[in-house]
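Okay, start-v1.txt is below, compact mmCIF, C-alpha atoms:
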# COMPACT_ATOMS: atom_id res chain seq x y z
CA MET A 1 4.94 -31.87 -1.47
CA SER A 2 3.48 -32.61 1.96
CA HIS A 3 0.12 -31.24 3.09
CA ALA A 4 1.81 -28.96 5.61
CA SER A 5 4.25 -27.62 3.01
CA ALA A 6 1.46 -27.01 0.54
CA ARG A 7 -0.53 -25.14 3.16
CA ARG A 8 2.51 -23.04 4.10
CA LEU A 9 3.12 -22.17 0.44
CA ALA A 10 -0.56 -21.28 -0.05
CA VAL A 11 -0.61 -18.95 2.93
CA ALA A 12 2.66 -17.36 1.80
CA ALA A 13 1.17 -16.84 -1.63
CA LEU A 14 -1.87 -15.23 0.01
CA ALA A 15 0.35 -12.87 1.97
CA LEU A 16 2.28 -11.86 -1.14
CA ALA A 17 -0.88 -11.58 -3.22
CA LEU A 18 -2.45 -9.27 -0.68
CA ALA A 19 0.64 -7.08 -0.86
CA ALA A 20 0.46 -6.96 -4.66
CA PRO A 21 -1.85 -3.91 -4.81
CA ALA A 22 0.71 -1.88 -2.88
CA ARG A 23 3.46 -3.00 -5.30
CA ALA A 24 1.29 -2.11 -8.29
CA GLN A 25 0.45 1.28 -6.82
CA PHE A 26 4.15 1.91 -6.20
CA TRP A 27 5.02 1.32 -9.83
CA GLN A 28 2.02 3.28 -11.06
CA GLN A 29 3.18 6.29 -9.07
CA LYS A 30 6.85 5.89 -9.91
CA GLY A 31 6.73 4.69 -13.51
CA ASP A 32 9.56 5.08 -15.99
CA ALA A 33 10.06 6.37 -19.47
CA ALA A 34 8.62 3.22 -21.02
CA GLY A 35 5.65 3.17 -18.64
CA ALA A 36 6.48 -0.31 -17.33
CA PRO A 37 8.32 -1.48 -14.19
CA PRO A 38 11.63 -3.31 -14.53
CA ASP A 39 11.80 -7.04 -13.88
CA VAL A 40 11.80 -7.50 -10.11
CA LEU A 41 11.90 -10.88 -8.42
CA PRO A 42 9.29 -11.39 -5.67
CA VAL A 43 10.36 -11.88 -2.09
CA ALA A 44 11.72 -15.43 -1.78
CA LEU A 45 9.04 -17.64 -0.27
CA GLU A 46 11.58 -19.68 1.68
CA GLU A 47 12.43 -16.53 3.62
CA VAL A 48 8.79 -15.94 4.56
CA ARG A 49 7.68 -18.83 6.75
CA VAL A 50 6.74 -20.08 10.20
CA ASP A 51 8.95 -22.73 11.79
CA GLU A 52 6.89 -24.16 14.61
CA GLN A 53 8.81 -24.28 17.87
CA LEU A 54 6.33 -25.60 20.40
CA GLY A 55 7.64 -25.24 23.92
CA ALA A 56 10.14 -22.54 22.96
CA GLN A 57 10.61 -19.78 25.51
CA VAL A 58 9.95 -16.24 24.34
CA PRO A 59 12.51 -13.70 25.63
CA LEU A 60 10.56 -12.16 28.50
CA ASP A 61 13.23 -9.58 29.28
CA GLU A 62 12.92 -7.92 25.88
CA VAL A 63 11.76 -4.29 26.15
CA LEU A 64 9.42 -2.72 23.59
CA THR A 65 7.53 0.59 23.42
CA ASP A 66 3.83 0.81 24.32
CA ASP A 67 1.23 3.00 22.63
CA GLN A 68 2.02 5.84 25.03
CA GLY A 69 5.70 5.85 24.08
CA GLN A 70 6.84 4.22 27.31
CA PRO A 71 9.27 1.29 27.56
CA VAL A 72 7.57 -1.94 28.58
CA ALA A 73 8.98 -5.42 29.17
CA LEU A 74 7.37 -8.43 27.55
CA ARG A 75 7.45 -10.03 30.99
CA SER A 76 4.80 -7.58 32.24
CA LEU A 77 2.11 -9.46 30.28
CA PHE A 78 2.70 -12.65 32.26
CA ARG A 79 2.72 -11.36 35.83
CA GLU A 80 -0.86 -12.51 36.49
CA GLY A 81 -0.24 -16.06 35.30
CA LYS A 82 -2.57 -15.94 32.30
CA PRO A 83 -2.10 -17.22 28.75
CA VAL A 84 -1.15 -14.56 26.22
CA VAL A 85 -2.12 -14.36 22.54
CA LEU A 86 0.64 -12.78 20.46
CA ALA A 87 0.13 -11.20 17.03
CA LEU A 88 3.21 -10.09 15.09
CA VAL A 89 2.04 -7.54 12.52
CA TYR A 90 2.70 -4.07 11.24
CA TYR A 91 0.05 -1.42 11.67
CA ASP A 92 0.38 0.29 8.29
CA CYS A 93 -0.11 -3.00 6.41
CA PRO A 94 -2.39 -2.47 3.38
CA MET A 95 -4.51 -5.58 4.00
CA LEU A 96 -3.30 -8.84 5.55
CA CYS A 97 -2.46 -7.57 9.05
CA GLY A 98 -5.83 -5.84 9.30
CA LEU A 99 -7.55 -9.12 8.42
CA ILE A 100 -5.51 -10.99 11.04
CA GLN A 101 -6.29 -8.40 13.71
CA SER A 102 -9.99 -8.31 12.83
CA GLY A 103 -10.13 -12.10 13.00
CA LEU A 104 -8.40 -12.00 16.37
CA ALA A 105 -10.86 -9.39 17.64
CA ARG A 106 -13.80 -11.59 16.63
CA ALA A 107 -12.27 -14.65 18.25
CA MET A 108 -11.61 -12.73 21.47
CA ARG A 109 -15.16 -11.40 21.47
CA GLU A 110 -16.99 -14.63 20.63
CA ASN A 111 -15.11 -17.50 22.31
CA GLY A 112 -16.77 -17.09 25.72
CA LEU A 113 -13.65 -16.41 27.79
CA VAL A 114 -13.16 -12.89 29.14
CA PRO A 115 -10.27 -10.87 27.64
CA GLY A 116 -8.16 -9.37 30.38
CA GLN A 117 -9.59 -11.74 32.96
CA ASP A 118 -8.94 -15.18 31.46
CA PHE A 119 -6.20 -14.21 29.01
CA ARG A 120 -4.40 -11.23 27.54
CA ALA A 121 -3.44 -10.31 23.99
CA VAL A 122 -0.64 -8.21 22.53
CA SER A 123 0.02 -6.99 19.02
CA ILE A 124 3.64 -6.10 18.30
CA SER A 125 4.70 -4.21 15.20
CA PHE A 126 7.85 -5.65 13.68
CA ALA A 127 8.29 -2.61 11.39
CA PRO A 128 11.06 -0.54 13.01
CA GLU A 129 9.76 2.71 11.53
CA GLU A 130 6.30 2.56 13.14
CA LYS A 131 5.61 4.90 16.05
CA PRO A 132 3.48 4.71 19.23
CA ALA A 133 0.88 7.11 17.80
CA LEU A 134 -0.05 4.56 15.12
CA ALA A 135 -0.22 1.78 17.73
CA ARG A 136 -2.47 3.99 19.84
CA GLU A 137 -4.80 4.61 16.91
CA ARG A 138 -5.08 0.91 16.10
CA ARG A 139 -5.60 0.00 19.76
CA ARG A 140 -8.44 2.47 20.12
CA GLY A 141 -10.23 1.11 17.05
CA TYR A 142 -9.98 -2.57 17.96
CA LEU A 143 -10.96 -2.05 21.60
CA GLN A 144 -14.02 -0.12 20.44
CA SER A 145 -14.93 -2.96 18.07
CA MET A 146 -14.93 -5.30 21.08
CA GLY A 147 -16.92 -2.97 23.30
CA LEU A 148 -13.95 -2.39 25.62
CA SER A 149 -12.85 0.93 27.06
CA GLU A 150 -9.48 2.50 26.31
CA ALA A 151 -8.52 1.79 29.92
CA SER A 152 -8.74 -1.96 29.34
CA ASP A 153 -5.51 -3.95 29.55
CA ALA A 154 -7.02 -6.88 27.65
CA TRP A 155 -5.20 -6.09 24.40
CA SER A 156 -1.92 -4.18 24.23
CA PHE A 157 -0.45 -2.60 21.09
CA TRP A 158 3.30 -2.10 21.07
CA VAL A 159 6.01 -1.10 18.61
CA ASP A 160 9.58 -2.23 18.17
CA ARG A 161 12.43 -0.98 20.33
CA GLY A 162 16.02 -1.75 19.38
CA GLY A 163 15.21 -4.89 17.40
CA ALA A 164 13.24 -6.57 20.21
CA ALA A 165 10.37 -7.44 17.86
CA ARG A 166 12.72 -9.34 15.56
CA ARG A 167 14.17 -11.31 18.46
CA ILE A 168 10.70 -12.23 19.71
CA ALA A 169 9.71 -13.27 16.18
CA ASP A 170 12.81 -15.45 15.89
CA ALA A 171 11.95 -17.12 19.21
CA VAL A 172 8.54 -18.25 17.90
CA GLY A 173 9.85 -19.11 14.42
CA PHE A 174 8.08 -16.27 12.60
CA HIS A 175 10.14 -15.18 9.57
CA TYR A 176 9.22 -12.13 7.53
CA LYS A 177 10.99 -10.00 4.93
CA LYS A 178 10.63 -6.51 3.53
CA ASP A 179 9.85 -6.10 -0.15
CA GLU A 180 12.34 -3.42 -1.08
CA VAL A 181 10.33 -2.49 -4.18
CA SER A 182 7.00 -1.63 -2.56
CA GLY A 183 8.29 -1.05 0.95
CA GLU A 184 5.76 -3.54 2.35
CA TRP A 185 6.53 -6.55 4.55
CA ALA A 186 5.83 -10.10 3.37
CA HIS A 187 4.76 -12.51 6.12
CA LEU A 188 2.41 -15.38 6.87
CA ALA A 189 -0.95 -15.14 8.58
CA ALA A 190 -0.54 -16.62 12.06
CA ILE A 191 -0.95 -15.83 15.74
CA PHE A 192 0.75 -17.47 18.70
CA VAL A 193 -0.75 -18.73 21.97
CA LEU A 194 1.72 -18.50 24.84
CA ALA A 195 1.51 -20.31 28.17
CA PRO A 196 1.61 -18.31 31.44
CA ASP A 197 5.38 -18.94 31.71
CA GLY A 198 6.01 -17.50 28.24
CA ARG A 199 6.46 -20.75 26.34
CA VAL A 200 4.89 -21.31 22.92
CA SER A 201 1.82 -23.49 23.38
CA ARG A 202 0.01 -23.33 20.03
CA TYR A 203 0.12 -21.77 16.55
CA LEU A 204 -3.15 -20.67 14.94
CA TYR A 205 -3.08 -19.91 11.22
CA GLY A 206 -5.15 -17.85 8.82
CA ILE A 207 -7.29 -14.74 9.20
CA GLU A 208 -10.24 -16.42 10.94
CA PHE A 209 -9.87 -18.24 14.25
CA PRO A 210 -12.89 -20.45 15.04
CA SER A 211 -14.21 -19.91 18.56
CA LYS A 212 -13.78 -23.57 19.51
CA ASP A 213 -10.15 -23.72 18.43
CA PHE A 214 -9.33 -20.36 19.95
CA ARG A 215 -10.92 -21.26 23.29
CA LEU A 216 -9.40 -24.75 23.47
CA SER A 217 -5.96 -23.34 22.68
CA LEU A 218 -6.27 -20.99 25.66
CA VAL A 219 -7.57 -23.76 27.94
CA GLU A 220 -4.66 -25.94 26.85
CA ALA A 221 -2.13 -23.14 27.35
CA GLY A 222 -3.61 -22.31 30.76
CA ASP A 223 -3.04 -25.89 31.93
CA GLY A 224 -6.36 -26.16 33.73
CA LYS A 225 -6.40 -22.63 35.16
CA VAL A 226 -8.50 -21.14 32.34
CA GLY A 227 -12.05 -22.07 31.40
CA THR A 228 -14.61 -24.34 33.03
CA SER A 229 -14.59 -27.98 34.06
CA PHE A 230 -16.57 -28.69 30.91
CA ASP A 231 -13.78 -27.09 28.84
CA LYS A 232 -11.31 -29.47 30.43
CA LEU A 233 -13.58 -32.41 29.63
CA VAL A 234 -13.91 -31.23 26.02
CA LEU A 235 -10.13 -30.87 25.75
CA THR A 236 -9.84 -34.50 26.89
CA CYS A 237 -11.98 -35.46 23.90
CA TYR A 238 -10.18 -33.26 21.36
CA ARG A 239 -6.60 -33.09 20.17
CA TYR A 240 -4.88 -30.53 17.97
CA ASP A 241 -4.31 -32.04 14.53
CA PRO A 242 -1.18 -30.58 12.86
CA ALA A 243 -2.42 -31.63 9.41
CA SER A 244 -5.74 -29.79 9.52
CA ARG A 245 -4.45 -27.23 12.07
CA LYS A 246 -7.65 -27.63 14.05
CA TYR A 247 -8.79 -29.38 17.21
CA GLN A 248 -10.33 -32.67 16.10
CA PRO A 249 -12.30 -35.34 18.01
CA PHE A 250 -10.00 -37.77 19.79
CA ALA A 251 -11.55 -41.27 19.92
CA LEU A 252 -9.56 -42.44 22.95
CA GLY A 253 -10.51 -39.25 24.74
CA PHE A 254 -14.21 -39.95 24.23
CA VAL A 255 -13.67 -43.49 25.51
CA ARG A 256 -11.91 -42.18 28.61
CA ALA A 257 -14.56 -39.52 29.20
CA GLY A 258 -17.32 -42.11 28.75
CA GLY A 259 -15.57 -44.46 31.15
CA ALA A 260 -15.21 -41.68 33.72
CA LEU A 261 -18.89 -40.77 33.44
CA ALA A 262 -19.89 -44.45 33.70
CA PHE A 263 -17.71 -44.81 36.81
CA VAL A 264 -19.28 -41.75 38.41
CA GLY A 265 -22.75 -43.03 37.58
CA LEU A 266 -22.00 -46.50 38.96
CA ALA A 267 -20.46 -45.04 42.12
CA GLY A 268 -23.54 -42.88 42.59
CA LEU A 269 -25.82 -45.89 42.14
CA ILE A 270 -23.88 -47.98 44.67
CA ALA A 271 -23.82 -45.12 47.15
CA GLY A 272 -27.58 -44.72 46.77
CA LEU A 273 -28.22 -48.43 47.34
CA VAL A 274 -25.97 -48.50 50.42
CA TRP A 275 -27.69 -45.44 51.86
CA ARG A 276 -31.11 -47.00 51.24
CA GLU A 277 -30.11 -50.29 52.92
CA ARG A 278 -28.73 -48.46 55.95
CA LYS A 279 -31.85 -46.36 56.25
CA LYS A 280 -34.00 -49.49 56.03
CA ALA A 281 -31.89 -51.22 58.70
CA ARG A 282 -32.29 -48.25 61.09
CA THR A 283 -36.05 -48.24 60.51
CA THR A 284 -36.53 -51.94 61.27
CA ALA A 285 -34.30 -51.71 64.34

Rewritten as structure tokens:
Amino acid sequence: MSHASARRLAVAALALALAAPARAQFWQQKGDAAGAPPDVLPVALEEVRVDEQLGAQVPLDEVLTDDQGQPVALRSLFREGKPVVLALVYYDCPMLCGLIQSGLARAMRENGLVPGQDFRAVSISFAPEEKPALARERRRGYLQSMGLSEASDAWSFWVDRGGAARRIADAVGFHYKKDEVSGEWAHLAAIFVLAPDGRVSRYLYGIEFPSKDFRLSLVEAGDGKVGTSFDKLVLTCYRYDPASRKYQPFALGFVRAGGALAFVGLAGLIAGLVWRERKKARTTA
């Protein structure tokens, strides 16, 4: 088994394990005459996966429902030309989705870029039964945790409308499945960084998103329009490593950066010497 496959299986197992308490509670409440649940196969792991589709276009014309119950097009997030962080979750999740959202909130708060100004985020519930009131409740809590007012447009919380969430999930390769026994949804822990034109730029996995990786993914997605000049220099020296799923030092990038700095230094030295010689010539004349 490859490293990537092993990691995918481990994260899938985590997702299913976190849903286990809900399954156990279901059977405890339901029970049967013998006091034990029947044999039930777990959700097939091959149906719960992420197929990376870098460069894929998300369907911007899909219409969902915002936390106020109003229809809203996915395209509206991209009108200002900023990267967008997408989280596909369901709000009544017993554990995993809350961990993903909390990790996203910390990354948004601590990475140094300004939510709403440098990038936007959106959480979309893929559970068809969830309503705007629940999205509104979750939005209020997470914005408060970040010190943002309810008027902020930095992080939107939407619910499904006519299967739009499923079509968006398919576009980014996010496959999930409902456990018919417990009623919970099995899915992997991942968020998606989208470029300003709506194309998939980067996948970030897990429930914690290190500030460096989160920031560099936004700088990369923004194609030079997000972050500082130093961020762009750092991105030259780092590359995303699919095996570790992190941004790792890139030797050739350091060589190029060092060469560029040496060139600038040498050019500055030559300019200084030329200026000094010209000044000396004017003085003696």

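Our summary of the geometry notes that CA of Ser125 (chain A) is positioned 20.0 Å from CA of Pro83 (chain A).
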
Just give me the residues with any atom within 10 Å of (8.1, 3.2, 8.4), file coordinates, counting all atoms listed in the file, written as an MDAnalysis selection string. chainID A and resid 90:92 127:131 183:184

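Taking CA of Leu64 (chain A) and CA of Arg167 (chain A) as the two end points, the separation is 11.1 Å.
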
Proximity to Glu80 (chain A) - best of A:Pro196, A:Gly55, A:Gly173, A:Gly98, all atoms listed in the file: A:Pro196

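The interatomic distance for the pair CA of Asp153 (chain A) and CA of Val122 (chain A) works out to 9.5 Å.
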
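Considering only C-alpha atoms, the residue among A:Ala221, A:Ala133, A:Leu54, A:Ala87 positioned nearest to Pro242 (chain A) is A:Leu54.
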
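Near Trp155 (chain A), within 8 Å and counting all atoms listed in the file, sit Pro115, Gly116, Arg120, Ala121, Val122, Ser123, Arg139, Leu143, Ser152, Asp153 and Phe157 of chain A; same-chain residues fewer than 2 positions away were not included.
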
With distances taken over all atoms listed in the file, which of A:Phe192, A:Tyr247, A:Tyr142, A:Tyr238 is nearest to Ser102 (chain A)? A:Tyr142

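The nearest approach to Arg106 (chain A) among the residues A:Trp185, A:Phe119, A:Phe214, A:Phe174, with only C-alpha atoms taken into account, belongs to A:Phe214.
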